[in-house]
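Structure, as structure tokens:
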Amino acid sequence: MKVRTGKMGMNPIRMAELLENQSEELPSDQIYRELIVNAFEACAKAKKLNPNYKSEIKIEPKDETPNKFTITDNGIGMSKNNMVSLLKTFGETEEQSENGNMGHGTKVAAMCTNPKGVVYESYRKGEDYGSAVVMHKGEEGYYGPIEVGSNREERCDLDLNKQPKIIAKYGHGTAVTLLGKSNDDDTILPPKDFEKKSLLGSGRSGERFLLSFANTKFFTIPVDKFNINWKKGVRGASVDVKGHKHYLDQNAEASGTLDLKNAKLHWWIRKEDFNPHKSSHHTTAGQLSYLNNNEIMSIAYNCTGRKNPLRNWGLPFSDTRVILIIEPINFQMTSMTRSSLRCMKTGLDYKKFEESWKEEFIAKMPQPIIDLETKLEKEKVKEEVDLSLLGKQIAKDLKDTFAFPSNKGRETVGYENVTLRGGGYPNKDHDTNVSDTPSNGNVPGTGFGDSLINAALKNTVSTRKAEKSYLNIMPKIQHVKEDASIRIQYDDKENIIRFNTEMDLILEYLTASKIRTPQMETAKKILCNLMTTEIGIVVSYFKGRPFKEYSEDERNSVLKEENLVTLLLNKPRFINSLKKALQMTYKKSIQLKEKQEEFLYE
């Protein structure tokens with residue numbers, strides 16, 4: 001069979017090359033998005049013509065092509081007179097065409113990934129037969145409809161008596177089948193690079209991947225029934241798609257909406273007894289997502305290769321149970337991949353607003369989320385490591401930057417403000433309080449008040465004088481018990497290191513050290529202290545030195561988890577230090593025992 005191009009508008013081979021180049025940039029799941037949205041829009045048009053109409057979409061392989069993906073809708077359908085021209089007009093705009101809902105994005109996503117062919121079967125109400133067209137990449141190297149029959153027709157007639165079940169009820173609808181790259185190609189399976197180039201990544205890559213995608217991608221489902229059957233004839237394989245919001249509402253113990261500048265923020269707290277890992281047909285785990293025009297355009301959550309950003313949104317302990325979905329207002333789509341938005345007023349990409357949205361959320365954080373975060377922090381924090389003495393030594397070593405020298409009633413902090421332990425900031429310039437009245441923390445004086453800055457000043461007027469001292473810049477260190485995939489988190493604003501005592505490196509080092517079982521808990525505690533001390537020292541020195549050539553963002557990026565973990569990769573040194581510390585602990589315990597025995601015998 002040959003391919004006849006019709007009026008393509010440009011060289012058809014060159015057009016094929018352009019389409020294939022565009023398809024390489026698309027997410028692997030883009031094809032499903034395009035076909036499902038086309039079905040939604042076709043159903044919406046049918047609804048306008050018949051208020052009593054019940055819309056239905058079904059994804060299920062046909063009996064004659066059991067290994068090929070087929071999506072069927074009972075929407076308005078394409079007429080026999082313009083179906084071929086719609087499918088051949090590659091130059092449609094990015095938005096779907098009003099006549100057939102076959103826009104540029106659909107053709108790029110479908111045809112370029114299915115050179116064997118994409119079969120379109122459609123029925124329009126009142127016509128005496130349906131129409132079938134197979135779009136295909138021919139031997140000549142370009143795309144077009146396959147010619148069939150002796151008359152070399154680009155479409156063929158379909159018997160109305162053989163309409164699919166959901167189409168037969170109203171007499172109109174469309175079915176699209178993906179033939180892939182060969183007859184043996186199973187287009188029901190996840191496409192190439194799905195785990196890397198898809199909305200859900202490796203989080204949902206099993207046989208129900210399509211069900212998970214549809215339930216996550218679409219916030220609500222704008223049709224009366226949407227069913228996916230990934231294994232025809234197998235019990236339990238047929239499941240209705242309900243949409244992202246449905247499952248979030250169903251499994252939430254609290255929810256609400258915050259008004260942010262240029263956006264709405266929808267939030268949920270997932271029920272404690274719901275296990276999102278046991279559900280393979282929707283994503284209800286903690287996440288940060290962006291919503292536009294009823295579609296989730298991006299989602300970040302814990303799965304291979306991704307980290308939940310909520311840990312940086314003031315939720316280091318509740319990130320697996322809180323769901324935040326941001327819906328930008330007055331933004332418009334700017335790419336065919338539907339993964340980018342620009343503000344209509346400023347022209348800026350939506351990601352440029354993320355930091356301000358984060359700060360606004362933290363300031364307006366709903367009380368139920370605050371309560372959950374506080375509760376989980378108490379449960380997960382095993383202990384806090386006191387490295388204050390070490391911090392003072394480091395501060396003295398960096399005294400040119402952090403010392404508070406007396407200057408006859410006028411004290412300064414140096415060339416810049418620095419973060420105090422606990423997140424506060426010292427004043428850069430101020431007048432010294434010369435009275436003996438305790439300070440309120442804003443003006444330094446002999447009574448230190450609530451501010452650590454007062455402890456770092458020497459008052460030369462009062463008989464009660466504070467000794468000259470230095471800021472303690474050592475981060476506050478919390479030992480927490482988390483999932484092994486989470487290692488270290490540094491909160492720059494609060495100057496807190498949260499160190500996961502269950503991280504994989506700890507088990508690896510303990511195993512390599514051949515620690516005996518009775519010593520395991522002691523050894524684990526010592527190893528955690530060695531590691532946190534190492535990290536605390538590096539963070540202190542790095543933050544304490546004036547790197548004027550780096551911006552604040554560049555400096556903060558150095559303290560990300562993946563960089564802090566590299567500080568712990570000197571395995572031989574940590575094992576040797578652990579063994580020496582264990583020997584010292586053992587000797588001290590023997591000495592203590594001997595002293596106790598001497599006391600008893602006396």
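By convention here, the chains of the structure tokens are called A, B, ... in the order presented, each chain's residues are numbered starting at 1, and ligands are numbered starting at 1 in the order presented.
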Problem set entry | Test item: residues at most 6 Å from region 223-229 of chain A, only C-alpha atoms, excluding those fewer than 3 positions along its chain, as an MDAnalysis selection string | chainID A and resid 54:60 237:241
Exercise. Using only C-alpha atoms, which residues sit within 8 Å of region 282-286 of chain A once same-chain residues fewer than 6 positions away are excluded, as a list in words?
Worked result: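 Result of the neighbour search: Leu211, Ser212, Phe213, Asn215, Thr216, His244, Tyr247, Leu248, Asn251, Arg270, Pro276, Tyr301, Asn302, Asn308, Asp319, Thr320, Arg321, Val322, Ile323 and Leu324 of chain A.
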Determine, counting only C-alpha atoms, which protein, DNA and RNA residues have an atom within 7 Å of an atom of region 166-181 of chain A; residues of the same chain fewer than 5 positions away are not included. Present the result as a tab-separated table (two decimals) with N, CA and C atoms, in the first residue's frame.
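What ended up in around_13.tsv:
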chain	number	residue	atom	x	y	z
A	68	LYS	N	-3.01	-4.23	21.09
A	68	LYS	CA	-2.92	-2.83	20.65
A	68	LYS	C	-3.82	-1.95	21.50
A	69	PHE	N	-3.27	-0.79	21.88
A	69	PHE	CA	-4.02	0.21	22.66
A	69	PHE	C	-5.15	0.78	21.81
A	70	THR	N	-6.38	0.79	22.37
A	70	THR	CA	-7.52	1.40	21.70
A	70	THR	C	-8.32	2.24	22.69
A	71	ILE	N	-8.61	3.46	22.32
A	71	ILE	CA	-9.47	4.33	23.13
A	71	ILE	C	-10.72	4.65	22.32
A	72	THR	N	-11.89	4.46	22.94
A	72	THR	CA	-13.16	4.67	22.26
A	72	THR	C	-14.00	5.66	23.06
A	73	ASP	N	-14.64	6.60	22.35
A	73	ASP	CA	-15.55	7.54	23.01
A	73	ASP	C	-16.86	7.59	22.24
A	74	ASN	N	-17.92	8.01	22.92
A	74	ASN	CA	-19.21	8.18	22.23
A	74	ASN	C	-19.50	9.66	22.00
A	75	GLY	N	-18.41	10.39	21.67
A	75	GLY	CA	-18.53	11.81	21.38
A	75	GLY	C	-19.14	12.08	20.02
A	76	ILE	N	-18.97	13.30	19.56
A	76	ILE	CA	-19.67	13.74	18.36
A	76	ILE	C	-19.21	13.02	17.09
A	77	GLY	N	-17.99	12.52	17.06
A	77	GLY	CA	-17.48	11.82	15.89
A	77	GLY	C	-17.03	12.76	14.78
A	113	THR	N	5.27	8.00	16.95
A	113	THR	CA	5.62	6.86	17.80
A	113	THR	C	4.95	5.58	17.33
A	114	ASN	N	4.13	5.67	16.29
A	114	ASN	CA	3.44	4.51	15.74
A	114	ASN	C	3.54	4.50	14.21
A	115	PRO	N	4.76	4.36	13.69
A	115	PRO	CA	4.92	4.41	12.22
A	115	PRO	C	4.18	3.29	11.50
A	116	LYS	N	3.90	2.17	12.19
A	116	LYS	CA	3.11	1.11	11.56
A	116	LYS	C	1.71	1.59	11.24
A	117	GLY	N	1.21	2.50	12.07
A	117	GLY	CA	-0.09	3.08	11.76
A	117	GLY	C	-0.89	3.46	12.99
A	118	VAL	N	-1.76	4.46	12.81
A	118	VAL	CA	-2.75	4.85	13.80
A	118	VAL	C	-4.11	4.73	13.11
A	119	VAL	N	-4.97	3.88	13.64
A	119	VAL	CA	-6.26	3.61	13.02
A	119	VAL	C	-7.33	4.50	13.65
A	120	TYR	N	-8.01	5.29	12.83
A	120	TYR	CA	-9.12	6.13	13.27
A	120	TYR	C	-10.42	5.57	12.71
A	121	GLU	N	-11.36	5.25	13.58
A	121	GLU	CA	-12.69	4.78	13.17
A	121	GLU	C	-13.71	5.71	13.80
A	122	SER	N	-14.56	6.31	12.98
A	122	SER	CA	-15.46	7.33	13.51
A	122	SER	C	-16.85	7.24	12.87
A	123	TYR	N	-17.85	7.60	13.68
A	123	TYR	CA	-19.25	7.58	13.24
A	123	TYR	C	-19.87	8.92	13.60
A	124	ARG	N	-20.60	9.48	12.66
A	124	ARG	CA	-21.30	10.75	12.88
A	124	ARG	C	-22.80	10.48	12.81
A	125	LYS	N	-23.55	11.02	13.73
A	125	LYS	CA	-25.00	10.82	13.80
A	125	LYS	C	-25.67	11.25	12.48
A	187	THR	N	1.35	-2.30	22.20
A	187	THR	CA	1.17	-0.89	22.57
A	187	THR	C	0.35	-0.71	23.84
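Going from CA of Glu508 (chain A) to CA of Leu582 (chain A) covers 17.3 Å.
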For this session: Apply DSSP to the structure's backbone, then extract all residues of region 177-308 of chain A labelled strand (DSSP E or B) and return them as a ChimeraX atom specification.
Result: /A:177-178,218,225-229,238-240,252-260,263-270,287-292,295-301,303,306
Seminar exercise, completed: Students should find that CA of Gly347 (chain A) and CA of Ser298 (chain A) are spaced 19.5 Å
Problem set entry | Pick from A:Ala254, A:Ile535, A:Leu390, A:Leu49, whichever lies nearest to Ile369 (chain A) using only C-alpha atoms |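 Nearest candidate to Ile369 (chain A) out of A:Ala254, A:Ile535, A:Leu390, A:Leu49: A:Ala254.
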Exercise. What is the distance, in Å and to one decimal place, between CA of Lys245 (chain A) and CA of Lys264 (chain A)?
Worked result: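 Going from CA of Lys245 (chain A) over to CA of Lys264 (chain A) covers 14.8 Å.
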Problem set entry | DSSP alpha helix (DSSP H) residues within region 221-302 of chain A, as a PyMOL selection string | chain A and resi 244-250
For this session: Would you kindly return, as a ChimeraX atom specification, each protein, DNA or RNA residue with an atom no farther than 9 Å from any atom of Ile537 (chain A), considering only C-alpha atoms and excluding same-chain residues fewer than 3 positions away?
Result: /A:390-391,394,474-475,532-534,540-542
Would you mind exporting the chosen residues as a PDB file, in the first residue's frame, restricted to N, CA and C atoms?
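That gives us again-v6.pdb:
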ATOM      1  N   LEU A 390      32.029  22.777  70.512  1.00  0.00           N
ATOM      2  CA  LEU A 390      32.737  22.761  69.242  1.00  0.00           C
ATOM      3  C   LEU A 390      32.391  23.995  68.430  1.00  0.00           C
ATOM      4  N   GLY A 391      31.148  24.436  68.502  1.00  0.00           N
ATOM      5  CA  GLY A 391      30.727  25.631  67.787  1.00  0.00           C
ATOM      6  C   GLY A 391      31.468  26.861  68.257  1.00  0.00           C
ATOM      7  N   ILE A 394      34.936  26.887  66.831  1.00  0.00           N
ATOM      8  CA  ILE A 394      34.919  27.295  65.417  1.00  0.00           C
ATOM      9  C   ILE A 394      34.709  28.802  65.308  1.00  0.00           C
ATOM     10  N   MET A 474      27.472  26.885  65.024  1.00  0.00           N
ATOM     11  CA  MET A 474      27.270  25.463  64.775  1.00  0.00           C
ATOM     12  C   MET A 474      25.784  25.183  64.566  1.00  0.00           C
ATOM     13  N   PRO A 475      25.416  24.478  63.519  1.00  0.00           N
ATOM     14  CA  PRO A 475      24.002  24.166  63.302  1.00  0.00           C
ATOM     15  C   PRO A 475      23.441  23.321  64.441  1.00  0.00           C
ATOM     16  N   THR A 532      27.620  13.308  62.252  1.00  0.00           N
ATOM     17  CA  THR A 532      26.990  14.619  62.440  1.00  0.00           C
ATOM     18  C   THR A 532      28.019  15.676  62.832  1.00  0.00           C
ATOM     19  N   THR A 533      29.031  15.268  63.579  1.00  0.00           N
ATOM     20  CA  THR A 533      30.094  16.212  63.925  1.00  0.00           C
ATOM     21  C   THR A 533      30.833  16.662  62.675  1.00  0.00           C
ATOM     22  N   GLU A 534      31.115  15.704  61.790  1.00  0.00           N
ATOM     23  CA  GLU A 534      31.804  16.023  60.533  1.00  0.00           C
ATOM     24  C   GLU A 534      31.001  17.030  59.710  1.00  0.00           C
ATOM     25  N   SER A 540      29.495  24.832  59.403  1.00  0.00           N
ATOM     26  CA  SER A 540      29.880  26.028  60.163  1.00  0.00           C
ATOM     27  C   SER A 540      30.977  26.816  59.462  1.00  0.00           C
ATOM     28  N   TYR A 541      32.013  26.115  59.055  1.00  0.00           N
ATOM     29  CA  TYR A 541      33.123  26.809  58.399  1.00  0.00           C
ATOM     30  C   TYR A 541      32.696  27.386  57.050  1.00  0.00           C
ATOM     31  N   PHE A 542      31.875  26.650  56.335  1.00  0.00           N
ATOM     32  CA  PHE A 542      31.452  27.154  55.028  1.00  0.00           C
ATOM     33  C   PHE A 542      30.593  28.405  55.168  1.00  0.00           C
TER      34      PHE A 542
END
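When only C-alpha atoms are used to measure the gap to Ile325 (chain A), the shortest distance among A:Ser339, A:Gln367, A:Ser356, A:Ser289 belongs to A:Ser289.
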For this session: For each of A:Lys80, A:His136, A:Arg14, A:Lys525, take the minimum atom-to-atom distance to Lys107 (chain A), counting only C-alpha atoms, then give the residue where this is smallest.
Result: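 The answer is A:His136, which sits nearest to Lys107 (chain A).
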Problem set entry | Residue among A:Glu521, A:Asp128, A:Asp184, A:Glu24 lying closest to Val108 (chain A), counting only C-alpha atoms | A:Glu24
For this session: Quick one: everything within 10 Å of Leu510 (chain A), counting only C-alpha atoms, minus sequence neighbours fewer than 4 positions away in the same chain. Send it as a list of chain:residue names.
Result: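 Residues meeting the cut-off are A:Leu505, A:Ile506, A:Lys514, A:Ile515, A:Arg516, A:Met520, A:Ala523, A:Lys524, A:Leu527, A:Phe574, A:Ile575, A:Leu578.
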Exercise. Within 10 Å of Leu567 (chain A), counting only C-alpha atoms, which residues qualify if same-chain residues fewer than 3 places away don't, as a PyMOL selection string?
Worked result: chain A and resi 531+534-535+538+562-564+570
Quick one: write out the picked residues with C-alpha atoms as a compact mmCIF listing (two decimals), in the first residue's frame?
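Listing of again.txt after writing:
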# COMPACT_ATOMS: atom_id res chain seq x y z
CA MET A 531 29.05 11.74 61.06
CA GLU A 534 31.80 16.02 60.53
CA ILE A 535 28.87 17.64 58.76
CA VAL A 538 31.91 21.74 57.48
CA GLU A 562 23.63 15.15 47.82
CA ASN A 563 26.64 17.37 48.61
CA LEU A 564 26.47 16.81 52.37
CA ASN A 570 35.36 8.28 53.50
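Here the question is which of A:Met344, A:Ile362, A:Met111, A:Ala46 gets nearest to Gln332 (chain A) using only C-alpha atoms, and that residue is A:Met344.
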For this session: Find the residues near Thr106 (chain A): any atom within 7 Å, counting only C-alpha atoms, skip ones fewer than 4 places away on the same chain, and give them as a list of chain:residue names.
Result: A:Ile31, A:Glu34, A:Leu35, A:Met102, A:Ala110
